[in-house]
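The structure appears below as structure tokens.
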Amino acid sequence: MIDIILANAAQFTRFEELGLSPTALDLGFFQLKWYSLAYLAGILIGYWYLIKLIAQPGAPMARRHADDMIFYATLGIIIGGRLGYVLFYQPGILENPVDIIKVWNGGMSLHGGVIGVVLAIWYISRKEKLSFLRICDYIACVVPFGLFFGRLANFVNGELWGRATDVPWAIIFPMGGEVARHPSQLYEAGLEGIVYFLITSLLFWKTDARYHPGKLVGTGLLVYGLSRFTVEFFRQPDQGLENLSWGLTMGQTLTVPMLLLGIYLVLTSKSRRVRVEPVAGDKTIA
């Protein structure tokens, strides 16, 4: 298969032909990366959408809580994402601890970022005496923005490319050798970003899912988990983590607990349905 793809490499699109660059702005003394802009866009648009969500009757938090949440969640994404990448994918970085803080060199784990955000939500809910699970439901609805822009940034950076293939839309990435590969970053952007957003938005705005604590975050875990598990068949795993002893890649392995938790939260959400008193406003939702 690889030999055939190598022999026909000329018929596939080369990444360089797309005219993309990891740098959005280069002033010589200062460079602004698309990766940084992706994080900013995901956080700012996510915050804007969160404000729209909590403006609806029965919200589990007020605007001031959302303001605090965005700060702590950002810390959780950056710190958790980086530590997750080091521990799950590149433990060798621990040999030189200084390299852990070199986020600009790339290397962030979605799974680690999720853990960081969950800890941030736990802290805020405990501090303000709010419902942890209901806040998770609302945060789950804004997550797709970060996932979408993050995967687009991965594509622009020419990183995290897919496995070798001969599909017509295959791309030869600079760091992937003379092999045409799946643009798996775009697959993830579509599934983890667009599809995830459409499903959770439909549940939030068209059903009473937000009054069943755990249903939205459970659905989010299922959509992301199934998307990531599937895309791993097309995405090139990190070296040494392709097929672990149990037959799954590291990405798929880390997704299994998310899927199990998602199933549990969705199936038990109806039993947690209670009369919802809003944190802000005067409307009660039965």
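So you can find residues: chains in the structure tokens are A, B, ... in the order shown, residues in each start at 1, and ligands are numbered from 1 in order.
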According to DSSP computed on the backbone, where in range 1-243 of chain A is there helix (DSSP H, G or I)? Give the residues as a VMD selection string.
chain A and resid 2 to 7 9 to 11 15 to 18 34 to 54 63 to 88 91 to 95 97 to 101 103 to 105 110 to 128 132 to 156 174 to 176 184 to 206 209 to 211 215 to 231
Excluding same-chain residues fewer than 3 positions from Val118 in chain A, what lies within 9 Å of it counting only C-alpha atoms, as a PyMOL selection string?
chain A and resi 73+76+113-115+121-123+136
Top pick for closest residue to Phe145 in chain A, considering A:Ile78, A:Leu198, A:Leu87, A:Met69 and counting only C-alpha atoms:
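Selected residue with least distance to Phe145 in chain A: A:Leu198.
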Pick out the residues sitting within 7 Å of Ile77 in chain A, and hand them over as a PDB file with N, CA, C and O atoms, in the first residue's frame; count only C-alpha atoms, and ignore anything fewer than 2 positions along from it in its own chain.
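around_14.pdb, written as the output of this step:
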```pdb
ATOM      1  N   ALA A  73     -10.992  28.299  33.793  1.00  0.00           N
ATOM      2  CA  ALA A  73     -11.060  27.293  32.734  1.00  0.00           C
ATOM      3  C   ALA A  73      -9.885  27.450  31.774  1.00  0.00           C
ATOM      4  O   ALA A  73      -9.325  26.459  31.285  1.00  0.00           O
ATOM      5  N   THR A  74      -9.505  28.696  31.493  1.00  0.00           N
ATOM      6  CA  THR A  74      -8.356  28.949  30.617  1.00  0.00           C
ATOM      7  C   THR A  74      -7.086  28.374  31.224  1.00  0.00           C
ATOM      8  O   THR A  74      -6.275  27.736  30.536  1.00  0.00           O
ATOM      9  N   LEU A  75      -6.909  28.588  32.528  1.00  0.00           N
ATOM     10  CA  LEU A  75      -5.752  28.010  33.213  1.00  0.00           C
ATOM     11  C   LEU A  75      -5.805  26.481  33.138  1.00  0.00           C
ATOM     12  O   LEU A  75      -4.786  25.824  32.904  1.00  0.00           O
ATOM     13  N   ILE A  79      -2.727  24.463  31.458  1.00  0.00           N
ATOM     14  CA  ILE A  79      -1.925  23.637  32.362  1.00  0.00           C
ATOM     15  C   ILE A  79      -2.275  22.160  32.197  1.00  0.00           C
ATOM     16  O   ILE A  79      -1.395  21.301  32.053  1.00  0.00           O
ATOM     17  N   GLY A  80      -3.575  21.849  32.191  1.00  0.00           N
ATOM     18  CA  GLY A  80      -3.990  20.461  32.051  1.00  0.00           C
ATOM     19  C   GLY A  80      -3.624  19.888  30.703  1.00  0.00           C
ATOM     20  O   GLY A  80      -3.176  18.738  30.597  1.00  0.00           O
ATOM     21  N   GLY A  81      -3.823  20.694  29.645  1.00  0.00           N
ATOM     22  CA  GLY A  81      -3.502  20.233  28.304  1.00  0.00           C
ATOM     23  C   GLY A  81      -2.031  19.913  28.138  1.00  0.00           C
ATOM     24  O   GLY A  81      -1.660  18.891  27.536  1.00  0.00           O
ATOM     25  N   GLY A 113      -6.585  18.645  28.936  1.00  0.00           N
ATOM     26  CA  GLY A 113      -7.319  19.904  29.013  1.00  0.00           C
ATOM     27  C   GLY A 113      -8.684  19.717  29.645  1.00  0.00           C
ATOM     28  O   GLY A 113      -9.151  20.557  30.420  1.00  0.00           O
ATOM     29  N   VAL A 114      -9.334  18.591  29.327  1.00  0.00           N
ATOM     30  CA  VAL A 114     -10.651  18.289  29.911  1.00  0.00           C
ATOM     31  C   VAL A 114     -10.539  18.158  31.427  1.00  0.00           C
ATOM     32  O   VAL A 114     -11.351  18.698  32.180  1.00  0.00           O
ATOM     33  N   GLY A 116      -8.297  19.495  33.314  1.00  0.00           N
ATOM     34  CA  GLY A 116      -8.035  20.833  33.852  1.00  0.00           C
ATOM     35  C   GLY A 116      -9.303  21.661  33.978  1.00  0.00           C
ATOM     36  O   GLY A 116      -9.519  22.349  34.982  1.00  0.00           O
ATOM     37  N   VAL A 117     -10.163  21.599  32.966  1.00  0.00           N
ATOM     38  CA  VAL A 117     -11.426  22.355  32.987  1.00  0.00           C
ATOM     39  C   VAL A 117     -12.364  21.814  34.063  1.00  0.00           C
ATOM     40  O   VAL A 117     -13.028  22.582  34.772  1.00  0.00           O
TER      41      VAL A 117
END
```
Which residue is closest to Leu18 in chain A? Choose from A:Tyr211, A:Phe155, A:Phe197, A:Phe234 and count only C-alpha atoms.
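Answer, going by the shortest atom-to-atom distance: A:Phe155.
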May I have the residues within 8 Å of range 181-187 of chain A as a VMD selection string, using only C-alpha atoms and disregarding those fewer than 4 positions away in the same chain?
chain A and resid 151 to 152 154 to 155 160 to 167 169 to 173 176 191 231 234 to 235
